[in-house]
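Colleague: The structure file start_34.cif (mmCIF, C-alpha atoms) is provided below.
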```cif
data_input
loop_
_atom_site.group_PDB
_atom_site.id
_atom_site.type_symbol
_atom_site.label_atom_id
_atom_site.label_comp_id
_atom_site.auth_asym_id
_atom_site.auth_seq_id
_atom_site.Cartn_x
_atom_site.Cartn_y
_atom_site.Cartn_z
ATOM 1 C CA MET A 29 251.752 -88.411 -16.819
ATOM 2 C CA SER A 30 250.592 -87.370 -13.404
ATOM 3 C CA GLY A 31 250.531 -84.041 -11.668
ATOM 4 C CA PRO A 32 249.279 -80.664 -12.858
ATOM 5 C CA ASP A 33 249.093 -80.111 -16.597
ATOM 6 C CA PHE A 34 250.926 -76.943 -17.620
ATOM 7 C CA SER A 35 250.423 -77.683 -21.314
ATOM 8 C CA LYS A 36 246.874 -76.274 -21.294
ATOM 9 C CA SER A 37 247.855 -73.130 -19.437
ATOM 10 C CA GLU A 38 251.267 -71.823 -18.413
ATOM 11 C CA LEU A 39 249.817 -70.531 -15.166
ATOM 12 C CA ILE A 40 247.745 -72.656 -12.823
ATOM 13 C CA PRO A 41 245.860 -71.287 -9.831
ATOM 14 C CA ALA A 42 247.119 -72.553 -6.486
ATOM 15 C CA ILE A 43 244.975 -72.340 -3.364
ATOM 16 C CA ALA A 44 246.924 -72.042 -0.116
ATOM 17 C CA GLN A 45 245.215 -73.513 2.921
ATOM 18 C CA ASP A 46 246.462 -73.438 6.504
ATOM 19 C CA ARG A 47 247.264 -77.060 7.347
ATOM 20 C CA GLU A 48 246.232 -76.727 10.980
ATOM 21 C CA SER A 49 243.191 -74.443 11.004
ATOM 22 C CA GLY A 50 241.857 -75.284 7.554
ATOM 23 C CA ASP A 51 241.539 -71.565 6.754
ATOM 24 C CA VAL A 52 241.869 -70.727 3.083
ATOM 25 C CA LEU A 53 244.668 -68.185 3.078
ATOM 26 C CA MET A 54 245.065 -66.978 -0.502
ATOM 27 C CA LEU A 55 245.017 -67.841 -4.169
ATOM 28 C CA ALA A 56 248.007 -67.246 -6.420
ATOM 29 C CA TYR A 57 249.463 -68.806 -9.566
ATOM 30 C CA MET A 58 252.277 -71.197 -10.351
ATOM 31 C CA ASN A 59 254.070 -71.892 -13.568
ATOM 32 C CA GLN A 60 255.995 -75.121 -13.989
ATOM 33 C CA GLU A 61 259.189 -73.610 -12.615
ATOM 34 C CA ALA A 62 257.438 -72.318 -9.480
ATOM 35 C CA TYR A 63 255.774 -75.689 -8.999
ATOM 36 C CA GLU A 64 259.037 -77.584 -9.298
ATOM 37 C CA GLU A 65 260.824 -75.196 -6.957
ATOM 38 C CA THR A 66 258.021 -75.628 -4.413
ATOM 39 C CA LEU A 67 258.380 -79.417 -4.474
ATOM 40 C CA LYS A 68 262.160 -79.254 -4.297
ATOM 41 C CA THR A 69 262.587 -76.666 -1.546
ATOM 42 C CA GLY A 70 259.478 -77.289 0.550
ATOM 43 C CA ARG A 71 258.838 -73.539 0.535
ATOM 44 C CA VAL A 72 255.940 -72.321 -1.552
ATOM 45 C CA CYS A 73 256.931 -70.394 -4.655
ATOM 46 C CA TYR A 74 254.393 -68.708 -6.943
ATOM 47 C CA PHE A 75 254.667 -66.844 -10.223
ATOM 48 C CA SER A 76 253.744 -63.191 -9.865
ATOM 49 C CA ARG A 77 251.524 -62.085 -12.737
ATOM 50 C CA SER A 78 252.097 -58.397 -12.004
ATOM 51 C CA ARG A 79 255.880 -58.694 -11.742
ATOM 52 C CA GLN A 80 256.168 -61.540 -14.276
ATOM 53 C CA LYS A 81 258.697 -63.443 -12.238
ATOM 54 C CA LEU A 82 258.997 -66.120 -9.563
ATOM 55 C CA TRP A 83 257.581 -64.990 -6.268
ATOM 56 C CA ARG A 84 259.027 -66.747 -3.259
ATOM 57 C CA LYS A 85 256.207 -66.030 -0.860
ATOM 58 C CA GLY A 86 257.563 -64.219 2.184
ATOM 59 C CA GLU A 87 260.814 -63.177 0.549
ATOM 60 C CA GLU A 88 260.204 -59.592 1.681
ATOM 61 C CA SER A 89 258.011 -59.976 4.764
ATOM 62 C CA GLY A 90 259.624 -63.153 6.098
ATOM 63 C CA ASN A 91 256.170 -64.762 6.177
ATOM 64 C CA VAL A 92 257.110 -67.800 4.147
ATOM 65 C CA GLN A 93 254.831 -70.776 3.577
ATOM 66 C CA GLN A 94 256.268 -74.162 4.468
ATOM 67 C CA LEU A 95 254.788 -76.851 2.266
ATOM 68 C CA ARG A 96 253.023 -79.602 4.177
ATOM 69 C CA GLU A 97 250.927 -81.313 1.490
ATOM 70 C CA ILE A 98 250.159 -80.682 -2.164
ATOM 71 C CA TYR A 99 247.171 -81.856 -4.197
ATOM 72 C CA TYR A 100 245.904 -81.326 -7.729
ATOM 73 C CA ASP A 101 242.354 -81.508 -8.963
ATOM 74 C CA CYS A 102 240.363 -83.750 -11.271
ATOM 75 C CA ASP A 103 241.044 -81.527 -14.304
ATOM 76 C CA ALA A 104 244.748 -81.190 -13.433
ATOM 77 C CA ASP A 105 244.421 -77.428 -13.732
ATOM 78 C CA THR A 106 244.337 -76.296 -10.108
ATOM 79 C CA LEU A 107 246.639 -76.938 -7.159
ATOM 80 C CA LEU A 108 245.902 -77.031 -3.445
ATOM 81 C CA VAL A 109 248.843 -76.477 -1.109
ATOM 82 C CA LYS A 110 248.463 -77.094 2.590
ATOM 83 C CA VAL A 111 250.980 -74.974 4.412
ATOM 84 C CA ASN A 112 252.412 -73.820 7.663
ATOM 85 C CA GLN A 113 252.153 -70.040 7.391
ATOM 86 C CA ILE A 114 255.116 -68.471 9.169
ATOM 87 C CA GLY A 115 254.221 -65.214 10.917
ATOM 88 C CA GLY A 116 250.573 -66.217 11.057
ATOM 89 C CA ALA A 117 249.487 -63.966 8.204
ATOM 90 C CA ALA A 118 249.408 -64.638 4.472
ATOM 91 C CA CYS A 119 247.900 -61.342 3.325
ATOM 92 C CA HIS A 120 250.068 -58.371 2.451
ATOM 93 C CA GLU A 121 247.479 -56.231 4.222
ATOM 94 C CA GLY A 122 248.385 -57.944 7.488
ATOM 95 C CA TYR A 123 245.429 -60.283 7.813
ATOM 96 C CA LYS A 124 245.766 -64.012 8.377
ATOM 97 C CA SER A 125 243.822 -64.721 5.199
ATOM 98 C CA CYS A 126 243.401 -62.623 2.073
ATOM 99 C CA PHE A 127 239.685 -63.430 2.333
ATOM 100 C CA PHE A 128 238.983 -61.040 5.181
ATOM 101 C CA ARG A 129 236.003 -59.319 3.583
ATOM 102 C CA LYS A 130 232.626 -61.004 3.873
ATOM 103 C CA ILE A 131 229.746 -60.053 1.619
ATOM 104 C CA ASP A 132 226.145 -60.031 2.847
ATOM 105 C CA PRO A 133 224.240 -61.762 0.027
ATOM 106 C CA ALA A 134 221.017 -59.884 0.823
ATOM 107 C CA THR A 135 222.428 -56.364 0.821
ATOM 108 C CA GLY A 136 225.880 -56.588 -0.771
ATOM 109 C CA ASP A 137 227.318 -54.964 2.360
ATOM 110 C CA VAL A 138 230.881 -55.857 3.231
ATOM 111 C CA GLU A 139 232.137 -56.690 6.692
ATOM 112 C CA ILE A 140 235.772 -57.063 7.731
ATOM 113 C CA ILE A 141 236.330 -60.450 9.354
ATOM 114 C CA GLY A 142 239.461 -61.202 11.307
ATOM 115 C CA GLU A 143 242.083 -59.054 12.876
ATOM 116 C CA ARG A 144 245.298 -57.657 11.556
ATOM 117 C CA VAL A 145 248.239 -59.808 12.618
ATOM 118 C CA PHE A 146 250.815 -57.256 11.492
ATOM 119 C CA ASP A 147 250.994 -53.667 10.338
ATOM 120 C CA PRO A 148 251.855 -53.635 6.635
ATOM 121 C CA ALA A 149 253.515 -50.231 6.919
ATOM 122 C CA GLU A 150 255.924 -51.695 9.440
ATOM 123 C CA VAL A 151 256.641 -54.975 7.648
ATOM 124 C CA TYR A 152 257.083 -53.563 4.173
ATOM 125 C CA LYS A 153 258.763 -50.308 5.181
ATOM 126 C CA LYS A 154 261.443 -49.118 2.879
ATOM 127 C CA SER A 155 264.875 -49.052 4.463
ATOM 128 C CA MET B 8 232.579 -49.875 -4.832
ATOM 129 C CA SER B 9 232.874 -53.014 -2.825
ATOM 130 C CA GLY B 10 232.801 -56.649 -3.836
ATOM 131 C CA PRO B 11 234.696 -58.503 -6.547
ATOM 132 C CA ASP B 12 235.974 -56.444 -9.458
ATOM 133 C CA PHE B 13 234.851 -57.910 -12.794
ATOM 134 C CA SER B 14 236.290 -54.948 -14.716
ATOM 135 C CA LYS B 15 239.816 -56.401 -14.643
ATOM 136 C CA SER B 16 238.691 -59.844 -15.728
ATOM 137 C CA GLU B 17 235.299 -61.128 -16.821
ATOM 138 C CA LEU B 18 235.925 -64.403 -15.042
ATOM 139 C CA ILE B 19 237.021 -64.601 -11.436
ATOM 140 C CA PRO B 20 238.139 -67.813 -9.745
ATOM 141 C CA ALA B 21 235.862 -68.971 -6.936
ATOM 142 C CA ILE B 22 237.056 -71.448 -4.323
ATOM 143 C CA ALA B 23 234.339 -73.608 -2.811
ATOM 144 C CA GLN B 24 234.962 -74.734 0.753
ATOM 145 C CA ASP B 25 232.786 -77.033 2.846
ATOM 146 C CA ARG B 26 231.393 -74.823 5.601
ATOM 147 C CA GLU B 27 231.405 -77.593 8.181
ATOM 148 C CA SER B 28 234.537 -79.640 7.542
ATOM 149 C CA GLY B 29 236.693 -76.854 6.084
ATOM 150 C CA ASP B 30 237.613 -79.122 3.157
ATOM 151 C CA VAL B 31 238.423 -77.267 -0.052
ATOM 152 C CA LEU B 32 236.026 -78.840 -2.535
ATOM 153 C CA MET B 33 236.779 -77.301 -5.930
ATOM 154 C CA LEU B 34 237.743 -74.231 -7.888
ATOM 155 C CA ALA B 35 235.583 -72.849 -10.663
ATOM 156 C CA TYR B 36 234.898 -69.445 -12.202
ATOM 157 C CA MET B 37 232.177 -66.845 -11.944
ATOM 158 C CA ASN B 38 231.277 -63.980 -14.210
ATOM 159 C CA GLN B 39 229.204 -61.090 -12.894
ATOM 160 C CA GLU B 40 225.943 -62.778 -13.822
ATOM 161 C CA ALA B 41 226.870 -66.005 -12.034
ATOM 162 C CA TYR B 42 227.982 -64.031 -8.989
ATOM 163 C CA GLU B 43 224.731 -62.077 -8.839
ATOM 164 C CA GLU B 44 222.638 -65.194 -9.304
ATOM 165 C CA THR B 45 224.553 -66.886 -6.481
ATOM 166 C CA LEU B 46 223.815 -64.018 -4.098
ATOM 167 C CA LYS B 47 220.184 -63.826 -5.130
ATOM 168 C CA THR B 48 219.290 -67.515 -5.063
ATOM 169 C CA GLY B 49 221.601 -68.806 -2.339
ATOM 170 C CA ARG B 50 222.624 -71.624 -4.678
ATOM 171 C CA VAL B 51 226.097 -71.453 -6.111
ATOM 172 C CA CYS B 52 226.233 -70.705 -9.830
ATOM 173 C CA TYR B 53 229.467 -70.701 -11.823
ATOM 174 C CA PHE B 54 230.322 -69.880 -15.408
ATOM 175 C CA SER B 55 231.498 -72.918 -17.334
ATOM 176 C CA ARG B 56 234.533 -72.064 -19.431
ATOM 177 C CA SER B 57 234.193 -75.194 -21.547
ATOM 178 C CA ARG B 58 230.484 -74.759 -22.232
ATOM 179 C CA GLN B 59 230.586 -70.927 -22.178
ATOM 180 C CA LYS B 60 227.401 -70.611 -20.181
ATOM 181 C CA LEU B 61 226.077 -70.377 -16.644
ATOM 182 C CA TRP B 62 226.649 -73.536 -14.707
ATOM 183 C CA ARG B 63 224.233 -74.092 -11.868
ATOM 184 C CA LYS B 64 226.344 -76.531 -9.899
ATOM 185 C CA GLY B 65 224.403 -79.737 -9.361
ATOM 186 C CA GLU B 66 221.864 -79.080 -12.105
ATOM 187 C CA GLU B 67 222.545 -82.525 -13.549
ATOM 188 C CA SER B 68 223.717 -84.546 -10.543
ATOM 189 C CA GLY B 69 221.467 -82.908 -7.953
ATOM 190 C CA ASN B 70 224.548 -82.157 -5.866
ATOM 191 C CA VAL B 71 223.894 -78.438 -5.493
ATOM 192 C CA GLN B 72 225.904 -76.132 -3.277
ATOM 193 C CA GLN B 73 223.925 -74.063 -0.807
ATOM 194 C CA LEU B 74 225.654 -70.776 -0.146
ATOM 195 C CA ARG B 75 226.519 -70.216 3.494
ATOM 196 C CA GLU B 76 229.064 -67.386 3.354
ATOM 197 C CA ILE B 77 230.879 -65.518 0.618
ATOM 198 C CA TYR B 78 234.163 -63.615 0.820
ATOM 199 C CA TYR B 79 236.410 -61.779 -1.622
ATOM 200 C CA ASP B 80 240.115 -61.228 -1.367
ATOM 201 C CA CYS B 81 242.422 -58.250 -0.923
ATOM 202 C CA ASP B 82 242.861 -57.820 -4.680
ATOM 203 C CA ALA B 83 239.124 -58.233 -5.329
ATOM 204 C CA ASP B 84 239.929 -60.843 -7.954
ATOM 205 C CA THR B 85 239.117 -64.106 -6.173
ATOM 206 C CA LEU B 86 236.034 -65.344 -4.347
ATOM 207 C CA LEU B 87 235.695 -67.833 -1.509
ATOM 208 C CA VAL B 88 232.303 -69.463 -1.080
ATOM 209 C CA LYS B 89 231.572 -71.518 2.003
ATOM 210 C CA VAL B 90 228.898 -74.012 1.165
ATOM 211 C CA ASN B 91 226.739 -76.874 2.251
ATOM 212 C CA GLN B 92 227.471 -79.510 -0.383
ATOM 213 C CA ILE B 93 224.326 -81.513 -1.028
ATOM 214 C CA GLY B 94 225.046 -85.188 -1.712
ATOM 215 C CA GLY B 95 228.383 -84.937 0.056
ATOM 216 C CA ALA B 96 230.465 -84.831 -3.127
ATOM 217 C CA ALA B 97 231.515 -81.869 -5.240
ATOM 218 C CA CYS B 98 233.623 -83.701 -7.804
ATOM 219 C CA HIS B 99 232.129 -85.088 -10.990
ATOM 220 C CA GLU B 100 234.336 -88.128 -10.466
ATOM 221 C CA GLY B 101 232.369 -88.926 -7.317
ATOM 222 C CA TYR B 102 234.838 -87.740 -4.719
ATOM 223 C CA LYS B 103 233.948 -85.340 -1.937
ATOM 224 C CA SER B 104 236.618 -82.897 -3.114
ATOM 225 C CA CYS B 105 238.123 -82.416 -6.562
ATOM 226 C CA PHE B 106 241.504 -82.391 -4.821
ATOM 227 C CA PHE B 107 241.650 -86.127 -4.235
ATOM 228 C CA ARG B 108 245.122 -86.667 -5.644
ATOM 229 C CA LYS B 109 248.071 -85.988 -3.393
ATOM 230 C CA ILE B 110 251.557 -85.500 -4.795
ATOM 231 C CA ASP B 111 254.639 -86.716 -2.959
ATOM 232 C CA PRO B 112 257.064 -83.774 -3.226
ATOM 233 C CA ALA B 113 260.115 -86.032 -3.039
ATOM 234 C CA THR B 114 259.163 -88.487 -5.758
ATOM 235 C CA GLY B 115 256.277 -86.881 -7.662
ATOM 236 C CA ASP B 116 254.235 -90.004 -6.989
ATOM 237 C CA VAL B 117 250.494 -89.542 -6.794
ATOM 238 C CA GLU B 118 248.238 -91.100 -4.182
ATOM 239 C CA ILE B 119 244.447 -91.131 -4.227
ATOM 240 C CA ILE B 120 243.089 -89.644 -1.007
ATOM 241 C CA GLY B 121 239.471 -90.047 -0.029
ATOM 242 C CA GLU B 122 236.759 -92.405 -1.092
ATOM 243 C CA ARG B 123 234.211 -92.192 -3.817
ATOM 244 C CA VAL B 124 230.873 -90.986 -2.490
ATOM 245 C CA PHE B 125 229.026 -91.833 -5.673
ATOM 246 C CA ASP B 126 229.542 -93.707 -8.905
ATOM 247 C CA PRO B 127 229.782 -91.166 -11.743
ATOM 248 C CA ALA B 128 228.456 -93.695 -14.279
ATOM 249 C CA GLU B 129 225.305 -94.013 -12.226
ATOM 250 C CA VAL B 130 224.759 -90.321 -11.512
ATOM 251 C CA TYR B 131 225.480 -89.029 -14.981
ATOM 252 C CA LYS B 132 223.932 -91.899 -16.911
ATOM 253 C CA LYS B 133 222.106 -90.989 -20.036
ATOM 254 C CA SER B 134 218.401 -91.687 -19.879
#
```
Let's see the structure in the file written out as structure tokens.
Modeller:
Amino acid sequence: MSGPDFSKSELIPAIAQDRESGDVLMLAYMNQEAYEETLKTGRVCYFSRSRQKLWRKGEESGNVQQLREIYYDCDADTLLVKVNQIGGAACHEGYKSCFFRKIDPATGDVEIIGERVFDPAEVYKKS
Amino acid sequence: MSGPDFSKSELIPAIAQDRESGDVLMLAYMNQEAYEETLKTGRVCYFSRSRQKLWRKGEESGNVQQLREIYYDCDADTLLVKVNQIGGAACHEGYKSCFFRKIDPATGDVEIIGERVFDPAEVYKKS
């Protein structure tokens, strides 16, 4: 057997990294079905823990993630997907990366890093 | 309140990324104590799920991770630590990154990417 091991845990964390810039964009989870769909379609599919269903990243915003490369780790319990992030932003708050808040280790103060690529109110507006 | 939210989950995944190369090195978990120790000491400390105790990365191999920057995500349930990886390898199997196995989406075949930096048998030998 090779590849991620879903027998230990139904959900495996998947780190999405921008293939070009190397920026870590987000972390989400895949179950076996999401993993297999990702390989088959070349578009990254996660499993949403809050909605308890497959989450085709970008299905609402259009900001899909095209799969470029996929790796798994030494314990076979984490995935790394290198992607082309359509729209330039992975975060539902409009930032390129979900990791847009930097903590100062000395003080605990938080600083916003990076600019908003889109306005969430505009992208996710209800029709 | 700012910073990661340990009230939803005692353990939060933490992605370690090489500050210089941008390589994603590994994913491990932190509890609040590990997080606070990391900020205070500037050396990355995780919580080992298998051993159920604080895991000062590199305590056995010497390959510690010096904290350079720390971020948390939009949901406050994942951390990203940018580090200086002493010894050049984060993986206990001797590779620079734990993500040294690449999956071919078309065939599922696995290819080893990257070279061993150290010999695990040598580094973790019993004295």
Colleague: Provide the CA of Thr48 (chain B) to CA of Val90 (chain B) distance in Å, to one decimal place.
Modeller: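 Value for the CA of Thr48 (chain B)-CA of Val90 (chain B) distance: 13.2 Å.
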Colleague: If the PyMOL selection byres ((chain B) within 9 of (chain A)) is run on the structure shown, which residues does it catch, given as a ChimeraX atom specification?
Modeller: /B:9-10,20,22,24,28-31,33-34,43,45-47,49,76-82,85-87,98-100,104-113,115-117
Colleague: Can you measure CA of Leu82 (chain A) to CA of Asp46 (chain A) for me? One decimal in Å is fine.
Modeller: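 Interatomic distance, CA of Leu82 (chain A) to CA of Asp46 (chain A): 21.7 Å.
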Colleague: Translate the PyMOL selection byres ((chain B and resi 126) around 12), as applied to the file shown, into an explicit residue set as a list in words.
Modeller: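 Output of the PyMOL selection byres ((chain B and resi 126) around 12): Ser68, Ala96, Cys98, His99, Glu100, Gly101, Tyr102, Lys103, Glu122, Arg123, Val124, Phe125, Pro127, Ala128, Glu129, Val130, Tyr131 and Lys132 of chain B.
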Colleague: Excluding Gln93 (chain A) and its own-chain neighbours fewer than 3 positions away, which residues fall within 7 Å of it when counting all atoms listed in the file? Please give them as a PyMOL selection string.
Modeller: chain A and resi 71-72+85+111-114
Colleague: Would you mind exporting C-alpha atoms of the selected residues as a JSON list (two decimals), in the coordinates of the input?
Modeller:
```
[["chain", "number", "residue", "atom", "x", "y", "z"],
["A", 71, "ARG", "CA", 258.84, -73.54, 0.54],
["A", 72, "VAL", "CA", 255.94, -72.32, -1.55],
["A", 85, "LYS", "CA", 256.21, -66.03, -0.86],
["A", 111, "VAL", "CA", 250.98, -74.97, 4.41],
["A", 112, "ASN", "CA", 252.41, -73.82, 7.66],
["A", 113, "GLN", "CA", 252.15, -70.04, 7.39],
["A", 114, "ILE", "CA", 255.12, -68.47, 9.17]]
```
Colleague: In Å, how far is it from CA of Phe13 (chain B) to CA of Ser37 (chain A)?
Modeller: 21.1 Å
Colleague: Can you translate the PyMOL selection byres ((chain B and resi 56) around 9) into the concrete residues it hits in this file, as a ChimeraX atom specification?
Modeller: /B:18,35-36,54-55,57-60
Colleague: Edge lengths and centre, in Å to one decimal, as AutoDock Vina command-line options: that's what I need for the box along x, y and z that holds all listed atoms of region 64-77 of chain B plus 6 Å on each side.
Modeller:
```
--center_x 226.2 --center_y -75.0 --center_z -5.0 --size_x 21.4 --size_y 31.0 --size_z 29.0
```
Colleague: Smallest atom-to-atom distance to Gly65 (chain B): which of B:Gly94, B:Glu44, B:Glu17, B:Asn38, using only C-alpha atoms?
Modeller: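 Selected residue with least distance to Gly65 (chain B): B:Gly94.
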